[in-house]
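Data file: coords03.cif. Format and content: mmCIF, C-alpha atoms.
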```
data_target
#
loop_
_atom_site.label_atom_id
_atom_site.label_comp_id
_atom_site.auth_asym_id
_atom_site.auth_seq_id
_atom_site.Cartn_x
_atom_site.Cartn_y
_atom_site.Cartn_z
CA MET W 1 -15.26 -57.64 -51.36
CA GLN W 2 -15.61 -53.90 -51.09
CA VAL W 3 -12.09 -52.54 -50.66
CA PHE W 4 -10.90 -49.08 -49.65
CA VAL W 5 -7.41 -48.11 -50.84
CA THR W 6 -5.42 -45.11 -49.68
CA GLY W 7 -2.68 -44.09 -52.09
CA ALA W 8 -4.86 -45.52 -54.87
CA THR W 9 -3.62 -42.95 -57.39
CA GLY W 10 0.06 -43.61 -56.61
CA TYR W 11 2.51 -45.86 -58.38
CA ILE W 12 1.87 -49.02 -56.35
CA GLY W 13 -1.67 -48.13 -55.32
CA ARG W 14 -2.89 -47.92 -58.90
CA VAL W 15 -1.59 -51.42 -59.63
CA VAL W 16 -3.18 -52.73 -56.42
CA THR W 17 -6.46 -51.10 -57.46
CA GLU W 18 -6.23 -52.53 -60.97
CA ARG W 19 -5.53 -56.03 -59.68
CA ALA W 20 -8.28 -55.88 -57.06
CA LEU W 21 -10.79 -54.89 -59.73
CA ALA W 22 -9.57 -57.70 -61.98
CA GLU W 23 -10.26 -60.14 -59.15
CA GLY W 24 -13.84 -58.89 -58.94
CA HIS W 25 -13.57 -56.63 -55.92
CA ILE W 26 -15.31 -53.26 -55.69
CA VAL W 27 -12.72 -50.57 -55.04
CA ARG W 28 -13.07 -47.12 -53.55
CA GLY W 29 -9.84 -45.15 -53.63
CA LEU W 30 -8.68 -42.02 -51.83
CA SER W 31 -7.96 -39.19 -54.28
CA ARG W 32 -6.56 -35.73 -53.60
CA SER W 33 -7.48 -34.09 -56.90
CA GLU W 34 -9.67 -34.10 -59.97
CA GLU W 35 -6.77 -35.64 -61.87
CA GLY W 36 -6.74 -38.51 -59.38
CA ASP W 37 -10.49 -38.91 -59.74
CA VAL W 38 -10.08 -39.33 -63.49
CA LYS W 39 -7.34 -41.94 -63.06
CA LEU W 40 -9.44 -44.03 -60.69
CA LYS W 41 -12.56 -43.76 -62.83
CA ALA W 42 -10.55 -44.93 -65.86
CA LEU W 43 -9.54 -48.03 -63.90
CA GLY W 44 -13.12 -48.74 -62.89
CA ALA W 45 -12.83 -47.64 -59.26
CA THR W 46 -14.80 -45.02 -57.33
CA ALA W 47 -12.84 -41.96 -56.24
CA VAL W 48 -13.21 -40.66 -52.70
CA ARG W 49 -11.95 -37.10 -52.40
CA GLY W 50 -9.74 -36.54 -49.39
CA GLU W 51 -6.26 -36.65 -47.85
CA LEU W 52 -4.66 -38.47 -44.96
CA THR W 53 -5.56 -35.56 -42.70
CA ASN W 54 -9.30 -35.97 -43.44
CA LEU W 55 -9.84 -38.41 -40.58
CA GLU W 56 -13.64 -38.50 -40.75
CA VAL W 57 -13.49 -39.49 -44.42
CA LEU W 58 -11.06 -42.28 -43.52
CA ARG W 59 -13.31 -43.54 -40.72
CA GLN W 60 -16.40 -43.52 -42.93
CA GLU W 61 -14.72 -45.36 -45.79
CA SER W 62 -13.15 -47.91 -43.46
CA ALA W 63 -16.52 -48.57 -41.83
CA ARG W 64 -18.18 -49.40 -45.16
CA ALA W 65 -15.29 -51.49 -46.51
CA GLU W 66 -14.64 -55.21 -46.07
CA GLY W 67 -10.91 -54.68 -46.44
CA VAL W 68 -8.65 -51.62 -46.16
CA LEU W 69 -5.29 -51.29 -47.92
CA HIS W 70 -3.20 -48.36 -46.68
CA LEU W 71 -0.54 -47.41 -49.22
CA ALA W 72 -0.57 -43.61 -48.91
CA TYR W 73 2.50 -42.05 -47.30
CA ILE W 74 4.04 -38.60 -47.41
CA HIS W 75 7.30 -38.74 -49.39
CA ASP W 76 8.21 -35.07 -49.04
CA TRP W 77 11.77 -35.30 -47.72
CA SER W 78 11.81 -31.55 -47.01
CA MET W 79 8.97 -31.96 -44.52
CA ASP W 80 9.55 -32.44 -40.79
CA TYR W 81 9.59 -36.23 -40.46
CA GLU W 82 7.97 -36.07 -37.03
CA GLU W 83 4.97 -34.46 -38.72
CA VAL W 84 4.95 -37.18 -41.39
CA LEU W 85 4.85 -39.83 -38.65
CA ARG W 86 2.14 -37.98 -36.74
CA ILE W 87 -0.10 -37.69 -39.81
CA ASP W 88 0.33 -41.36 -40.66
CA ALA W 89 -0.39 -42.47 -37.09
CA ALA W 90 -3.58 -40.43 -36.92
CA ALA W 91 -4.70 -41.76 -40.31
CA VAL W 92 -4.05 -45.40 -39.36
CA ASN W 93 -5.85 -44.97 -36.06
CA ALA W 94 -8.85 -43.53 -37.91
CA LEU W 95 -8.85 -46.40 -40.40
CA GLY W 96 -8.55 -48.96 -37.63
CA GLN W 97 -11.27 -47.63 -35.35
CA PRO W 98 -14.29 -49.01 -37.28
CA LEU W 99 -12.54 -52.36 -37.85
CA ARG W 100 -12.23 -53.35 -34.19
CA GLY W 101 -13.66 -56.80 -33.56
CA THR W 102 -14.91 -57.21 -37.13
CA GLY W 103 -12.26 -59.57 -38.51
CA LYS W 104 -11.89 -57.27 -41.52
CA ALA W 105 -8.39 -56.65 -42.79
CA LEU W 106 -6.25 -53.53 -42.51
CA VAL W 107 -3.03 -53.92 -44.51
CA ILE W 108 -0.43 -51.20 -44.01
CA THR W 109 2.86 -50.42 -45.73
CA SER W 110 6.34 -50.48 -44.20
CA GLY W 111 9.87 -51.11 -45.50
CA THR W 112 12.36 -53.98 -45.38
CA ALA W 113 15.17 -51.56 -44.51
CA VAL W 114 13.80 -51.05 -40.99
CA VAL W 115 16.09 -53.94 -39.97
CA GLU W 116 19.88 -54.03 -39.83
CA PRO W 117 21.76 -55.87 -42.60
CA ASP W 118 22.95 -59.34 -41.68
CA PRO W 119 26.59 -59.03 -40.48
CA ALA W 120 27.58 -62.03 -42.60
CA GLY W 121 25.88 -60.68 -45.72
CA GLY W 122 23.00 -63.16 -45.57
CA GLU W 123 19.28 -62.54 -45.81
CA THR W 124 17.31 -60.97 -43.00
CA THR W 125 13.83 -61.91 -41.78
CA GLU W 126 10.87 -60.04 -40.36
CA ASP W 127 12.29 -60.77 -36.88
CA SER W 128 15.82 -59.46 -37.50
CA PRO W 129 17.15 -56.67 -35.23
CA LEU W 130 15.89 -53.21 -36.08
CA SER W 131 18.18 -50.74 -37.79
CA GLU W 132 19.89 -47.98 -35.88
CA THR W 133 21.59 -46.52 -38.97
CA PHE W 134 19.14 -46.43 -41.91
CA VAL W 135 18.27 -42.91 -43.04
CA LEU W 136 14.52 -43.66 -42.61
CA LYS W 137 14.88 -45.86 -39.53
CA HIS W 138 12.07 -44.04 -37.71
CA ARG W 139 9.49 -45.39 -40.14
CA ILE W 140 9.33 -48.42 -37.85
CA ARG W 141 7.27 -46.21 -35.56
CA SER W 142 4.50 -46.11 -38.18
CA GLU W 143 4.56 -49.89 -38.44
CA ARG W 144 4.52 -50.36 -34.67
CA ASN W 145 1.67 -47.91 -34.24
CA ALA W 146 -0.39 -49.83 -36.78
CA LEU W 147 0.40 -53.28 -35.38
CA ARG W 148 -0.67 -52.14 -31.91
CA LEU W 149 -4.21 -52.07 -33.30
CA SER W 150 -4.18 -55.87 -33.18
CA GLU W 151 -4.45 -55.49 -29.40
CA ASP W 152 -7.80 -53.77 -30.02
CA GLY W 153 -9.14 -56.59 -32.19
CA VAL W 154 -8.10 -55.23 -35.60
CA ARG W 155 -6.77 -57.78 -38.15
CA VAL W 156 -3.87 -55.54 -39.09
CA THR W 157 -0.94 -56.70 -41.23
CA ALA W 158 2.24 -54.94 -42.38
CA ILE W 159 3.81 -55.40 -45.81
CA ARG W 160 7.47 -54.38 -45.81
CA LEU W 161 8.39 -53.26 -49.31
CA PRO W 162 12.03 -53.36 -50.49
CA PRO W 163 14.02 -50.25 -51.47
CA TYR W 164 13.34 -50.85 -55.18
CA VAL W 165 9.78 -51.47 -56.32
CA TYR W 166 9.97 -51.41 -60.09
CA GLY W 167 8.10 -52.18 -63.29
CA ARG W 168 5.70 -50.54 -65.74
CA GLY W 169 8.32 -47.87 -66.35
CA GLY W 170 7.67 -46.22 -63.01
CA SER W 171 8.80 -46.26 -59.39
CA TYR W 172 10.94 -43.81 -57.47
CA PHE W 173 14.54 -44.70 -56.66
CA ALA W 174 15.53 -46.62 -59.81
CA PRO W 175 14.36 -43.76 -62.08
CA MET W 176 16.05 -41.29 -59.72
CA LEU W 177 19.38 -43.05 -60.22
CA MET W 178 18.79 -43.12 -63.97
CA GLN W 179 18.03 -39.40 -64.01
CA ALA W 180 21.14 -38.67 -61.93
CA ALA W 181 23.28 -40.70 -64.34
CA ALA W 182 21.88 -38.89 -67.35
CA LYS W 183 22.49 -35.51 -65.73
CA ALA W 184 26.05 -36.36 -64.66
CA GLY W 185 26.92 -38.14 -67.89
CA GLU W 186 28.03 -41.20 -65.96
CA SER W 187 26.57 -43.94 -63.79
CA ILE W 188 28.31 -44.34 -60.44
CA TYR W 189 28.61 -46.81 -57.59
CA VAL W 190 30.46 -46.45 -54.30
CA ASP W 191 33.77 -48.25 -53.70
CA ASP W 192 33.56 -51.79 -55.14
CA GLY W 193 29.75 -51.80 -55.31
CA HIS W 194 29.45 -55.21 -53.64
CA LEU W 195 26.49 -54.30 -51.43
CA CYS W 196 23.24 -56.06 -52.33
CA THR W 197 19.74 -54.66 -52.34
CA SER W 198 16.21 -56.07 -52.44
CA ASP W 199 13.60 -55.40 -55.11
CA VAL W 200 10.15 -56.48 -56.25
CA HIS W 201 8.08 -56.03 -59.40
CA VAL W 202 5.11 -53.78 -58.75
CA ASP W 203 2.63 -56.39 -60.00
CA ASP W 204 4.03 -58.94 -57.56
CA ALA W 205 3.80 -56.41 -54.73
CA ALA W 206 0.15 -55.76 -55.60
CA ALA W 207 -0.61 -59.47 -55.48
CA LEU W 208 0.90 -59.69 -51.99
CA TYR W 209 -1.35 -56.93 -50.63
CA LEU W 210 -4.44 -58.80 -51.79
CA LEU W 211 -3.22 -62.12 -50.40
CA ALA W 212 -2.58 -60.47 -47.04
CA MET W 213 -6.03 -58.88 -47.10
CA LYS W 214 -7.62 -62.29 -47.62
CA SER W 215 -5.75 -64.52 -45.22
CA ALA W 216 -3.07 -62.85 -43.06
CA LYS W 217 -3.47 -62.98 -39.31
CA ALA W 218 -3.57 -60.01 -36.93
CA GLY W 219 -0.08 -58.73 -36.22
CA ASP W 220 1.56 -60.48 -39.18
CA VAL W 221 4.52 -58.81 -40.93
CA PHE W 222 5.70 -59.89 -44.38
CA ASN W 223 8.76 -58.99 -46.45
CA GLY W 224 7.54 -58.29 -49.98
CA THR W 225 10.78 -58.94 -51.87
CA GLY W 226 11.25 -60.63 -55.22
CA SER W 227 15.07 -60.66 -55.34
CA THR W 228 17.89 -60.00 -52.86
CA LYS W 229 20.89 -60.55 -55.13
CA VAL W 230 21.29 -57.35 -57.17
CA THR W 231 24.56 -55.61 -56.33
CA LEU W 232 24.85 -51.84 -56.48
CA ARG W 233 27.62 -52.20 -59.03
CA ALA W 234 25.41 -54.35 -61.28
CA LEU W 235 22.63 -51.77 -60.97
CA ALA W 236 25.01 -48.94 -61.93
CA GLU W 237 26.39 -50.93 -64.87
CA THR W 238 22.90 -51.72 -66.12
CA ILE W 239 21.90 -48.05 -65.95
CA GLY W 240 25.12 -47.07 -67.71
CA ALA W 241 24.55 -49.58 -70.50
CA ALA W 242 20.94 -48.48 -70.96
CA LEU W 243 21.87 -44.78 -71.15
CA HIS W 244 25.15 -45.32 -73.04
CA VAL W 245 27.15 -43.48 -70.38
CA PRO W 246 30.38 -44.60 -68.68
CA VAL W 247 30.30 -46.34 -65.30
CA ARG W 248 32.67 -45.29 -62.51
CA SER W 249 33.48 -46.21 -58.94
CA VAL W 250 33.52 -43.21 -56.58
CA SER W 251 34.08 -42.57 -52.90
CA ARG W 252 31.08 -42.03 -50.65
CA GLU W 253 32.02 -38.36 -50.35
CA GLU W 254 31.97 -37.95 -54.14
CA ALA W 255 28.67 -39.80 -54.33
CA GLU W 256 27.17 -37.31 -51.88
CA VAL W 257 28.21 -34.47 -54.19
CA ILE W 258 26.52 -36.16 -57.17
CA TRP W 259 23.51 -37.76 -55.49
CA GLY W 260 23.10 -35.67 -52.36
CA PRO W 261 23.36 -36.99 -48.77
CA PHE W 262 19.86 -38.52 -48.58
CA LEU W 263 20.00 -40.57 -51.78
CA THR W 264 23.55 -41.68 -51.01
CA ALA W 265 22.53 -42.88 -47.55
CA PHE W 266 19.52 -44.67 -49.02
CA VAL W 267 21.45 -46.39 -51.81
CA GLN W 268 24.39 -47.36 -49.60
CA PHE W 269 22.31 -49.34 -47.12
CA GLU W 270 22.62 -53.07 -47.72
CA ASN W 271 19.26 -54.82 -47.77
CA ARG W 272 18.64 -58.55 -48.33
CA ALA W 273 15.19 -59.33 -46.94
CA SER W 274 13.96 -62.91 -47.30
CA ASN W 275 10.45 -63.43 -48.70
CA HIS W 276 10.25 -66.99 -47.29
CA LYS W 277 7.46 -66.16 -44.83
CA ALA W 278 5.17 -64.61 -47.45
CA VAL W 279 5.81 -67.49 -49.85
CA GLN W 280 5.16 -70.17 -47.23
CA GLN W 281 2.26 -68.64 -45.32
CA LEU W 282 0.39 -66.78 -48.06
CA GLY W 283 1.36 -68.80 -51.13
CA TRP W 284 2.87 -65.72 -52.76
CA GLN W 285 4.87 -66.41 -55.92
CA PRO W 286 6.73 -63.42 -57.43
CA THR W 287 6.93 -63.89 -61.21
CA GLY W 288 7.81 -60.44 -62.61
CA VAL W 289 10.76 -59.85 -64.92
CA ASP W 290 13.91 -59.02 -62.94
CA MET W 291 14.79 -55.37 -62.36
CA LEU W 292 18.01 -55.26 -64.40
CA THR W 293 16.34 -56.80 -67.45
CA ASP W 294 13.43 -54.39 -67.08
CA ILE W 295 15.83 -51.42 -67.08
CA ARG W 296 17.89 -52.78 -69.97
CA SER W 297 15.15 -53.85 -72.34
CA GLY W 298 11.76 -53.73 -70.65
CA SER W 299 9.33 -51.15 -69.38
CA TYR W 300 11.94 -48.41 -68.84
CA ARG W 301 12.75 -47.98 -72.52
CA GLU W 302 10.56 -44.87 -72.80
CA LEU W 303 12.28 -43.25 -69.79
CA VAL W 304 15.68 -44.15 -71.24
CA GLU W 305 14.78 -42.49 -74.54
CA GLN W 306 13.57 -39.35 -72.76
CA LEU W 307 16.75 -39.13 -70.71
CA GLN W 308 18.93 -39.65 -73.76
CA GLN W 309 17.09 -36.87 -75.58
CA SER W 310 17.45 -34.49 -72.62
CA THR W 311 21.18 -35.27 -72.49
CA VAL W 312 21.58 -34.44 -76.17
CA ALA W 313 19.59 -31.23 -75.71
CA ARG W 314 21.94 -30.08 -72.94
CA GLN W 315 25.05 -30.69 -75.04
#
```

Structure re-expressed in structure tokens:
Amino acid sequence: MQVFVTGATGYIGRVVTERALAEGHIVRGLSRSEEGDVKLKALGATAVRGELTNLEVLRQESARAEGVLHLAYIHDWSMDYEEVLRIDAAAVNALGQPLRGTGKALVITSGTAVVEPDPAGGETTEDSPLSETFVLKHRIRSERNALRLSEDGVRVTAIRLPPYVYGRGGSYFAPMLMQAAAKAGESIYVDDGHLCTSDVHVDDAAALYLLAMKSAKAGDVFNGTGSTKVTLRALAETIGAALHVPVRSVSREEAEVIWGPFLTAFVQFENRASNHKAVQQLGWQPTGVDMLTDIRSGSYRELVEQLQQSTVARQ
């Protein structure tokens, strides 16, 4: 298949692109810079210069593709979030327009934390009640906007990614917590740290996107989680052990001083999203090494060494 990927130069998008190419697909990826062009060319993909605001480029690439994977999203937390949502909605509408009535797939990205935690501490599903408290709760509007395209004959599917996508030494929130621990000289968790979070290895996430592109039905939503059992205390202890810094329980107010209000709100939101639907309907089988092992002795060793060196340099 000829596949168009937005966010192809990003952390997850590059792995999706790599895996699609390995499966024999032809990949064209959206790139915002010459550096991005080089990255995509090195993978074996064709770079398409543009941004999410270049709607005509998105329409043209979607029209020529047999499958579209939309992973690009603006993660500038200083930006007006209403503008972020507006840009994403316009981009998705442009991608969806040429796909109407064709049966070709449009797979978009959402998050498992758009639903409220289970009151009893159990796992949630794709049909669980939506969150009224999560710091990024309004992202559900992007998902809903995209899924509405199914009413226009677009085979659109949403992949809800967990808070922690990890592996290959990259990602966003796990390294952010590691960097904060190195800077503070300690790894922290709030209260007793019993809250659980969801995670998935980036290679497993990439596999799910391609499975959804091949066989998901219009309007389908899938939780892309590998594990739902990691507690925030266990995560803090693993980071502390990796960086050789002490681990300490703090109040939420103290966490906000160390992490800032946004990261604290993000970390302190319990999330246990079941992957049963994706496993049963798409045959997805997550096989990546677990996140704590990867931080302790896997792909994050280089980051750990860099953080340890920066800590020594500051002393």

Reference answer for the PyMOL selection byres ((chain W and resi 48-60) around 7), as a ChimeraX atom specification = /W:28-32,46-47,61-64,87,91,94-95,98

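For the set W:Asn145, W:Gln97, W:Thr109, W:Gln280, the residue with the smallest atom-to-atom gap to Ile159 in chain W is W:Thr109, counting all atoms listed in the file.
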
Quick one: apply the PyMOL selection byres ((chain W and resi 288-296) around 8) to the file and drop the selected residues here as a PyMOL selection string.
-> chain W and resi 166-167+199-201+203-204+227+235+238-239+241-242+286-287+297-301

Neighbouring residues of Tyr81 in chain W were defined as those with any atom within 12 Å, considering all atoms listed in the file; residues of the same chain fewer than 2 positions away were excluded. Please report them as a JSON list (two decimals) with C-alpha atoms, in the coordinates of the input.
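The new file result-v7.json reads:
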```
[["chain", "number", "residue", "atom", "x", "y", "z"],
["W", 73, "TYR", "CA", 2.50, -42.05, -47.30],
["W", 74, "ILE", "CA", 4.04, -38.60, -47.41],
["W", 75, "HIS", "CA", 7.30, -38.74, -49.39],
["W", 76, "ASP", "CA", 8.21, -35.07, -49.04],
["W", 77, "TRP", "CA", 11.77, -35.30, -47.72],
["W", 78, "SER", "CA", 11.81, -31.55, -47.01],
["W", 79, "MET", "CA", 8.97, -31.96, -44.52],
["W", 83, "GLU", "CA", 4.97, -34.46, -38.72],
["W", 84, "VAL", "CA", 4.95, -37.18, -41.39],
["W", 85, "LEU", "CA", 4.85, -39.83, -38.65],
["W", 86, "ARG", "CA", 2.14, -37.98, -36.74],
["W", 87, "ILE", "CA", -0.10, -37.69, -39.81],
["W", 88, "ASP", "CA", 0.33, -41.36, -40.66],
["W", 135, "VAL", "CA", 18.27, -42.91, -43.04],
["W", 136, "LEU", "CA", 14.52, -43.66, -42.61],
["W", 137, "LYS", "CA", 14.88, -45.86, -39.53],
["W", 138, "HIS", "CA", 12.07, -44.04, -37.71],
["W", 139, "ARG", "CA", 9.49, -45.39, -40.14],
["W", 141, "ARG", "CA", 7.27, -46.21, -35.56],
["W", 142, "SER", "CA", 4.50, -46.11, -38.18]]
```

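Using all atoms listed in the file, the shortest contact distance between Thr124 in chain W and any of W:Phe222, W:Phe266, W:Phe4, W:Trp284 is found at W:Phe222.
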
Which residues, written as number ranges by chain, have at least one atom at most 8 Å from Tyr209 in chain W, with only C-alpha atoms counted and residues fewer than 6 positions away on the same chain left out?
-> W: 16, 69, 107, 159

What does the distance between CA of Ser110 in chain W and CA of Leu161 in chain W come to in Å, to one decimal place?
-> 6.2 Å

For range 252-256 of chain W, find every residue with an atom within 10 Å (counting all atoms listed in the file), except residues of its own chain fewer than 4 positions away, and show them as an mmCIF file with C-alpha atoms, in the coordinates of the input.
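What follows is the written file result08.cif:
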```
data_model
loop_
_atom_site.group_PDB
_atom_site.id
_atom_site.type_symbol
_atom_site.label_atom_id
_atom_site.label_comp_id
_atom_site.auth_asym_id
_atom_site.auth_seq_id
_atom_site.Cartn_x
_atom_site.Cartn_y
_atom_site.Cartn_z
ATOM 1 C CA ILE W 188 28.310 -44.340 -60.440
ATOM 2 C CA TYR W 189 28.610 -46.810 -57.590
ATOM 3 C CA VAL W 190 30.460 -46.450 -54.300
ATOM 4 C CA ASP W 191 33.770 -48.250 -53.700
ATOM 5 C CA GLY W 260 23.100 -35.670 -52.360
ATOM 6 C CA PRO W 261 23.360 -36.990 -48.770
ATOM 7 C CA PHE W 262 19.860 -38.520 -48.580
ATOM 8 C CA LEU W 263 20.000 -40.570 -51.780
ATOM 9 C CA THR W 264 23.550 -41.680 -51.010
ATOM 10 C CA ALA W 265 22.530 -42.880 -47.550
ATOM 11 C CA GLN W 268 24.390 -47.360 -49.600
#
```

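Near (-14.3, -46.7, -60.0), the residues that fall inside 9 Å on the basis of only C-alpha atoms are Leu21, Ile26, Val27, Arg28, Gly29, Asp37, Lys39, Leu40, Lys41, Ala42, Leu43, Gly44, Ala45, Thr46 and Ala47 of chain W.
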
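Distance check against Val247 in chain W using all atoms listed in the file: of W:Ala184, W:Ala206, W:Ile108, W:Leu307, the minimum falls on W:Ala184.
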
Counting all atoms listed in the file, the residue of W:Ala89, W:Met178, W:Asp220, W:Asn271 that sits nearest Pro119 in chain W = W:Asn271

What residues come out when you apply the PyMOL selection byres ((chain W and resi 211) around 12) to this file, written as a VMD selection string?
-> chain W and resid 16 19 to 20 23 67 69 105 107 157 159 204 to 210 212 to 217 222 224 278 to 279 281 to 285

Give me the residues within 9 Å of Thr197 in chain W as number ranges by chain, counting all atoms listed in the file and dropping any in the same chain fewer than 2 places off.
-> W: 162-164, 195, 199, 227-232, 267, 269-273

Please, what distance in Å, to one decimal, runs between CA of Phe134 in chain W and CA of Glu116 in chain W?
-> 7.9 Å

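Atom pair CA of Val221 in chain W / CA of Arg160 in chain W has a distance of 7.2 Å (rounded to one decimal).
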
For Arg148 in chain W, list every protein, DNA or RNA residue within 12 Å, evaluated using only C-alpha atoms, and leave out those in the same chain fewer than 4 positions away; present the list as a ChimeraX atom specification.
-> /W:89,92-93,96,100,141-144,152-158,218-220
